[in-house]
>>> print(open('protein06.txt').read())   # compact mmCIF, C-alpha atoms
# COMPACT_ATOMS: atom_id res chain seq x y z
CA MET V 30 -33.00 -113.12 21.70
CA THR V 31 -35.43 -115.93 21.00
CA LEU V 32 -38.25 -114.98 18.68
CA PRO V 33 -41.73 -116.38 19.30
CA PHE V 34 -42.07 -116.87 15.52
CA THR V 35 -40.80 -115.55 12.23
CA VAL V 36 -42.04 -115.56 8.66
CA PRO V 37 -41.83 -118.71 6.52
CA GLY V 38 -38.59 -119.06 4.59
CA LEU V 39 -36.58 -116.86 6.94
CA SER V 40 -34.29 -118.31 9.60
CA GLU V 41 -34.40 -116.93 13.12
CA GLU V 42 -30.90 -115.56 12.62
CA GLN V 43 -31.95 -113.74 9.43
CA ALA V 44 -35.03 -112.39 11.20
CA GLU V 45 -33.01 -111.19 14.20
CA LYS V 46 -30.50 -109.37 12.00
CA SER V 47 -33.30 -107.84 9.93
CA ILE V 48 -35.12 -106.73 13.08
CA ALA V 49 -31.99 -104.99 14.38
CA ILE V 50 -31.53 -103.12 11.09
CA LEU V 51 -35.21 -102.19 10.97
CA GLN V 52 -35.18 -100.99 14.58
CA ASN V 53 -32.38 -98.59 13.70
CA ARG V 54 -34.43 -97.34 10.72
CA LEU V 55 -37.52 -97.01 12.93
CA SER V 56 -35.63 -94.83 15.39
CA GLN V 57 -34.32 -92.57 12.64
CA GLU V 58 -37.77 -92.31 11.06
CA GLN V 59 -39.28 -91.29 14.37
CA GLU V 60 -36.54 -88.73 14.91
CA ALA V 61 -37.06 -87.34 11.40
CA ALA V 62 -40.71 -86.62 12.22
CA LEU V 63 -39.58 -84.66 15.28
CA VAL V 64 -36.89 -82.82 13.32
CA LEU V 65 -39.36 -81.84 10.60
CA LYS V 66 -41.94 -80.66 13.13
CA HIS V 67 -39.24 -78.63 14.91
CA ALA V 68 -38.39 -76.92 11.60
CA HIS V 69 -42.11 -76.39 10.90
CA TRP V 70 -42.50 -74.52 14.20
CA ASN V 71 -39.30 -72.46 13.96
CA VAL V 72 -38.88 -71.47 10.33
CA THR V 73 -39.10 -67.70 9.69
CA GLY V 74 -38.70 -65.10 6.99
CA PRO V 75 -39.23 -65.11 3.23
CA ASN V 76 -41.38 -67.95 1.95
CA PHE V 77 -42.34 -68.80 5.53
CA ILE V 78 -45.83 -70.06 4.75
CA ALA V 79 -44.69 -72.15 1.76
CA VAL V 80 -41.99 -73.90 3.78
CA HIS V 81 -44.15 -74.16 6.90
CA GLU V 82 -46.91 -75.87 4.91
CA MET V 83 -44.48 -78.02 2.89
CA LEU V 84 -43.13 -79.66 6.05
CA ASP V 85 -46.34 -81.06 7.57
CA PRO V 86 -47.07 -83.56 4.77
CA GLN V 87 -43.51 -84.85 5.09
CA VAL V 88 -44.02 -85.35 8.83
CA GLU V 89 -46.98 -87.56 7.92
CA VAL V 90 -44.89 -89.46 5.37
CA VAL V 91 -42.09 -90.33 7.80
CA LEU V 92 -44.60 -91.24 10.53
CA ALA V 93 -46.29 -93.62 8.07
CA GLN V 94 -42.86 -95.04 7.23
CA ALA V 95 -42.17 -95.56 10.93
CA ASP V 96 -45.50 -97.36 11.29
CA GLU V 97 -44.71 -99.63 8.35
CA THR V 98 -41.24 -100.36 9.72
CA ALA V 99 -42.61 -101.14 13.20
CA GLU V 100 -45.21 -103.47 11.73
CA ARG V 101 -42.53 -105.27 9.69
CA ILE V 102 -40.51 -105.78 12.89
CA ALA V 103 -43.59 -107.31 14.53
CA THR V 104 -44.27 -109.45 11.44
CA LEU V 105 -40.75 -110.87 11.75
CA GLY V 106 -41.46 -111.84 15.38
CA GLY V 107 -39.77 -108.85 17.01
CA SER V 108 -41.05 -106.16 19.30
CA PRO V 109 -40.67 -102.65 17.83
CA ASP V 110 -39.37 -100.11 20.31
CA GLY V 111 -40.94 -96.73 19.70
CA THR V 112 -39.84 -95.07 22.93
CA PRO V 113 -37.80 -91.86 23.07
CA ASP V 114 -35.07 -93.90 24.79
CA ALA V 115 -34.87 -96.14 21.72
CA ILE V 116 -34.29 -93.15 19.45
CA VAL V 117 -31.38 -92.06 21.65
CA ARG V 118 -30.03 -95.58 22.17
CA ASN V 119 -30.10 -96.44 18.45
CA ARG V 120 -28.77 -93.10 17.27
CA SER V 121 -25.79 -93.65 15.00
CA TRP V 122 -26.35 -90.61 12.80
CA LYS V 123 -25.71 -86.90 12.93
CA GLY V 124 -28.72 -84.87 14.02
CA LEU V 125 -30.06 -81.55 12.85
CA ASP V 126 -27.47 -78.79 13.32
CA LEU V 127 -30.04 -76.01 13.63
CA LYS V 128 -31.87 -75.13 16.83
CA GLY V 129 -34.47 -72.45 17.49
CA ARG V 130 -35.77 -69.81 15.11
CA ALA V 131 -33.97 -69.42 11.80
CA SER V 132 -34.64 -68.40 8.23
CA THR V 133 -36.35 -70.61 5.71
CA GLU V 134 -33.10 -70.92 3.77
CA GLU V 135 -31.12 -71.95 6.87
CA TYR V 136 -33.70 -74.60 7.76
CA ILE V 137 -33.92 -75.93 4.23
CA LYS V 138 -30.12 -76.26 4.03
CA ALA V 139 -30.04 -77.99 7.43
CA LEU V 140 -32.83 -80.37 6.36
CA ILE V 141 -31.03 -81.17 3.09
CA ASP V 142 -27.94 -82.10 5.13
CA TYR V 143 -30.07 -84.14 7.54
CA TYR V 144 -31.70 -85.98 4.64
CA ASP V 145 -28.27 -86.71 3.11
CA VAL V 146 -27.47 -88.76 6.22
CA PHE V 147 -30.98 -90.25 6.51
CA ILE V 148 -31.01 -91.43 2.88
CA THR V 149 -27.43 -92.74 3.07
CA ASP V 150 -28.31 -94.74 6.20
CA ASP V 151 -31.40 -96.16 4.50
CA ARG V 152 -29.35 -97.15 1.46
CA LYS V 153 -26.86 -98.97 3.70
CA ALA V 154 -29.78 -100.77 5.35
CA ILE V 155 -31.08 -101.78 1.92
CA ALA V 156 -27.71 -103.32 1.01
CA GLU V 157 -27.67 -105.32 4.27
CA LEU V 158 -31.33 -106.34 4.00
CA ASP V 159 -30.89 -107.48 0.38
CA GLU V 160 -28.81 -110.35 1.79
CA LEU V 161 -31.24 -111.14 4.64
CA ASP V 162 -34.83 -110.35 3.73
CA VAL V 163 -35.82 -108.94 0.37
CA VAL V 164 -39.29 -107.95 1.64
CA SER V 165 -37.82 -105.71 4.35
CA SER V 166 -35.37 -104.35 1.79
CA ASN V 167 -38.24 -103.46 -0.55
CA ILE V 168 -40.01 -101.60 2.26
CA VAL V 169 -36.94 -99.46 2.94
CA GLN V 170 -36.46 -98.93 -0.82
CA ASP V 171 -39.95 -97.44 -1.01
CA HIS V 172 -39.10 -95.19 1.94
CA VAL V 173 -35.94 -93.94 0.23
CA GLN V 174 -37.89 -93.07 -2.90
CA ALA V 175 -40.19 -90.80 -0.86
CA LEU V 176 -37.28 -89.26 1.07
CA GLU V 177 -35.35 -88.50 -2.10
CA LEU V 178 -38.42 -86.86 -3.62
CA PHE V 179 -38.85 -84.59 -0.61
CA GLN V 180 -35.15 -83.73 -0.59
CA TRP V 181 -35.50 -82.73 -4.23
CA PHE V 182 -38.39 -80.43 -3.22
CA LEU V 183 -36.11 -78.82 -0.62
CA ARG V 184 -33.22 -78.41 -3.06
CA SER V 185 -35.51 -76.98 -5.72
CA HIS V 186 -36.97 -74.50 -3.26
CA ILE V 187 -33.61 -72.78 -2.77
CA ALA V 188 -32.15 -73.34 -6.26
>>> encode(input="protein06.txt", output="structure tokens")
Amino acid sequence: MTLPFTVPGLSEEQAEKSIAILQNRLSQEQEAALVLKHAHWNVTGPNFIAVHEMLDPQVEVVLAQADETAERIATLGGSPDGTPDAIVRNRSWKGLDLKGRASTEEYIKALIDYYDVFITDDRKAIAELDELDVVSSNIVQDHVQALELFQWFLRSHIA
């Protein structure tokens, strides 16, 4: 890939590697929004309304993260791929185990497991980006902070 430009102080090779890492993060962020919305629509039982309403703000958070990630890719001279095919093509993580209607507790446990993988993948990306582009690393660090906070909300809800 030949980039039309990249940011000052970053080699094209560093930018290309950073873009690839960020594209993977973008795909997982987009998937997370879909997973959360799926849970929002299908959660049932005790504490339904609390869980139902707790999920929508998190959908907005991960969509904002995806937007920030996509814009960083573009800033580095890349072309962010936000298509459904990209989510499937870049998928290197385990998805949500739960399908259809299920209890609030089942969905919260499934989302906690999903976030374990999501956060771990982001932390791996941070370690790689620390060596390539500290600005991109800082962006993903901010994302992890928000994801960990929401996972704590989920854990606390069923504690």
>>> residues_around(input="protein06.txt", residues="Arg184 (chain V)", least_positions_apart="2", cutoff="10 Å", atoms="only C-alpha atoms", output="list of chain:residue names")
V:Ile137, V:Lys138, V:Leu140, V:Ile141, V:Leu178, V:Phe179, V:Gln180, V:Trp181, V:Phe182, V:His186, V:Ile187, V:Ala188
>>> residues_around(input="protein06.txt", residues="Ala156 (chain V)", least_positions_apart="3", cutoff="12 Å", atoms="only C-alpha atoms", output="list in words")
Ser47, Ile50, Thr149, Asp150, Asp151, Arg152, Lys153, Asp159, Glu160, Leu161, Asp162, Val163, Ser165, Ser166, Asn167, Val169 and Gln170 of chain V
>>> closest_residue(input="protein06.txt", among="V:Leu39, V:Ala131, V:Leu55, V:Val64", to="Gln94 (chain V)", atoms="all atoms listed in the file")
V:Leu55
>>> residues_around(input="protein06.txt", residues="Leu127 (chain V)", least_positions_apart="5", cutoff="9 Å", atoms="all atoms listed in the file", output="number ranges by chain")
V: 68, 135-136, 139-140
>>> closest_residue(input="protein06.txt", among="V:Gln59, V:Thr31, V:Gln87, V:Gln43", to="Ala115 (chain V)", atoms="only C-alpha atoms")
V:Gln59
>>> closest_residue(input="protein06.txt", among="V:Trp122, V:Phe34, V:Trp70, V:Lys128", to="Gln57 (chain V)", atoms="all atoms listed in the file")
V:Trp122
>>> build_atoms(input="protein06.txt", residues="region 149-181 of chain V", atoms="N, CA and C atoms", output="mmCIF file, in the frame of the given file")
data_model
loop_
_atom_site.group_PDB
_atom_site.id
_atom_site.type_symbol
_atom_site.label_atom_id
_atom_site.label_comp_id
_atom_site.auth_asym_id
_atom_site.auth_seq_id
_atom_site.Cartn_x
_atom_site.Cartn_y
_atom_site.Cartn_z
ATOM 1 N N THR V 149 -28.630 -91.890 3.094
ATOM 2 C CA THR V 149 -27.430 -92.740 3.070
ATOM 3 C C THR V 149 -27.590 -93.919 4.023
ATOM 4 N N ASP V 150 -28.088 -93.659 5.225
ATOM 5 C CA ASP V 150 -28.310 -94.740 6.200
ATOM 6 C C ASP V 150 -29.340 -95.741 5.696
ATOM 7 N N ASP V 151 -30.393 -95.251 5.067
ATOM 8 C CA ASP V 151 -31.400 -96.160 4.500
ATOM 9 C C ASP V 151 -30.792 -97.002 3.383
ATOM 10 N N ARG V 152 -29.967 -96.400 2.556
ATOM 11 C CA ARG V 152 -29.350 -97.150 1.460
ATOM 12 C C ARG V 152 -28.410 -98.235 1.993
ATOM 13 N N LYS V 153 -27.701 -97.941 3.070
ATOM 14 C CA LYS V 153 -26.860 -98.970 3.700
ATOM 15 C C LYS V 153 -27.726 -100.104 4.243
ATOM 16 N N ALA V 154 -28.849 -99.751 4.839
ATOM 17 C CA ALA V 154 -29.780 -100.770 5.350
ATOM 18 C C ALA V 154 -30.302 -101.637 4.217
ATOM 19 N N ILE V 155 -30.600 -101.029 3.084
ATOM 20 C CA ILE V 155 -31.080 -101.780 1.920
ATOM 21 C C ILE V 155 -30.038 -102.816 1.503
ATOM 22 N N ALA V 156 -28.783 -102.397 1.421
ATOM 23 C CA ALA V 156 -27.710 -103.320 1.010
ATOM 24 C C ALA V 156 -27.623 -104.509 1.974
ATOM 25 N N GLU V 157 -27.726 -104.236 3.275
ATOM 26 C CA GLU V 157 -27.670 -105.320 4.270
ATOM 27 C C GLU V 157 -28.917 -106.201 4.181
ATOM 28 N N LEU V 158 -30.079 -105.583 4.039
ATOM 29 C CA LEU V 158 -31.330 -106.340 4.000
ATOM 30 C C LEU V 158 -31.472 -107.161 2.719
ATOM 31 N N ASP V 159 -30.850 -106.714 1.630
ATOM 32 C CA ASP V 159 -30.890 -107.480 0.380
ATOM 33 C C ASP V 159 -30.367 -108.905 0.597
ATOM 34 N N GLU V 160 -29.400 -109.047 1.508
ATOM 35 C CA GLU V 160 -28.810 -110.350 1.790
ATOM 36 C C GLU V 160 -29.622 -111.155 2.804
ATOM 37 N N LEU V 161 -30.502 -110.490 3.541
ATOM 38 C CA LEU V 161 -31.240 -111.140 4.640
ATOM 39 C C LEU V 161 -32.714 -111.362 4.345
ATOM 40 N N ASP V 162 -33.374 -110.311 3.878
ATOM 41 C CA ASP V 162 -34.830 -110.350 3.730
ATOM 42 C C ASP V 162 -35.252 -109.333 2.677
ATOM 43 N N VAL V 163 -35.511 -109.820 1.498
ATOM 44 C CA VAL V 163 -35.820 -108.940 0.370
ATOM 45 C C VAL V 163 -37.112 -108.139 0.611
ATOM 46 N N VAL V 164 -38.053 -108.682 1.368
ATOM 47 C CA VAL V 164 -39.290 -107.950 1.640
ATOM 48 C C VAL V 164 -38.999 -106.708 2.482
ATOM 49 N N SER V 165 -38.208 -106.870 3.532
ATOM 50 C CA SER V 165 -37.820 -105.710 4.350
ATOM 51 C C SER V 165 -37.017 -104.716 3.524
ATOM 52 N N SER V 166 -36.142 -105.227 2.661
ATOM 53 C CA SER V 166 -35.370 -104.350 1.790
ATOM 54 C C SER V 166 -36.286 -103.533 0.885
ATOM 55 N N ASN V 167 -37.313 -104.173 0.327
ATOM 56 C CA ASN V 167 -38.240 -103.460 -0.550
ATOM 57 C C ASN V 167 -38.997 -102.364 0.194
ATOM 58 N N ILE V 168 -39.326 -102.611 1.442
ATOM 59 C CA ILE V 168 -40.010 -101.600 2.260
ATOM 60 C C ILE V 168 -39.119 -100.366 2.403
ATOM 61 N N VAL V 169 -37.863 -100.581 2.755
ATOM 62 C CA VAL V 169 -36.940 -99.460 2.940
ATOM 63 C C VAL V 169 -36.674 -98.773 1.597
ATOM 64 N N GLN V 170 -36.633 -99.536 0.503
ATOM 65 C CA GLN V 170 -36.460 -98.930 -0.820
ATOM 66 C C GLN V 170 -37.595 -97.943 -1.117
ATOM 67 N N ASP V 171 -38.817 -98.343 -0.811
ATOM 68 C CA ASP V 171 -39.950 -97.440 -1.010
ATOM 69 C C ASP V 171 -39.807 -96.179 -0.150
ATOM 70 N N HIS V 172 -39.293 -96.344 1.061
ATOM 71 C CA HIS V 172 -39.100 -95.190 1.940
ATOM 72 C C HIS V 172 -38.071 -94.237 1.336
ATOM 73 N N VAL V 173 -36.987 -94.786 0.827
ATOM 74 C CA VAL V 173 -35.940 -93.940 0.230
ATOM 75 C C VAL V 173 -36.496 -93.146 -0.945
ATOM 76 N N GLN V 174 -37.313 -93.773 -1.756
ATOM 77 C CA GLN V 174 -37.890 -93.070 -2.900
ATOM 78 C C GLN V 174 -38.650 -91.822 -2.444
ATOM 79 N N ALA V 175 -39.433 -91.942 -1.379
ATOM 80 C CA ALA V 175 -40.190 -90.800 -0.860
ATOM 81 C C ALA V 175 -39.265 -89.750 -0.245
ATOM 82 N N LEU V 176 -38.224 -90.194 0.446
ATOM 83 C CA LEU V 176 -37.280 -89.260 1.070
ATOM 84 C C LEU V 176 -36.504 -88.479 0.014
ATOM 85 N N GLU V 177 -36.076 -89.177 -1.035
ATOM 86 C CA GLU V 177 -35.350 -88.500 -2.100
ATOM 87 C C GLU V 177 -36.226 -87.477 -2.821
ATOM 88 N N LEU V 178 -37.494 -87.801 -3.002
ATOM 89 C CA LEU V 178 -38.420 -86.860 -3.620
ATOM 90 C C LEU V 178 -38.544 -85.594 -2.781
ATOM 91 N N PHE V 179 -38.720 -85.760 -1.476
ATOM 92 C CA PHE V 179 -38.850 -84.590 -0.610
ATOM 93 C C PHE V 179 -37.552 -83.791 -0.588
ATOM 94 N N GLN V 180 -36.411 -84.463 -0.568
ATOM 95 C CA GLN V 180 -35.150 -83.730 -0.590
ATOM 96 C C GLN V 180 -35.019 -82.925 -1.882
ATOM 97 N N TRP V 181 -35.499 -83.474 -2.973
ATOM 98 C CA TRP V 181 -35.500 -82.730 -4.230
ATOM 99 C C TRP V 181 -36.369 -81.486 -4.109
#
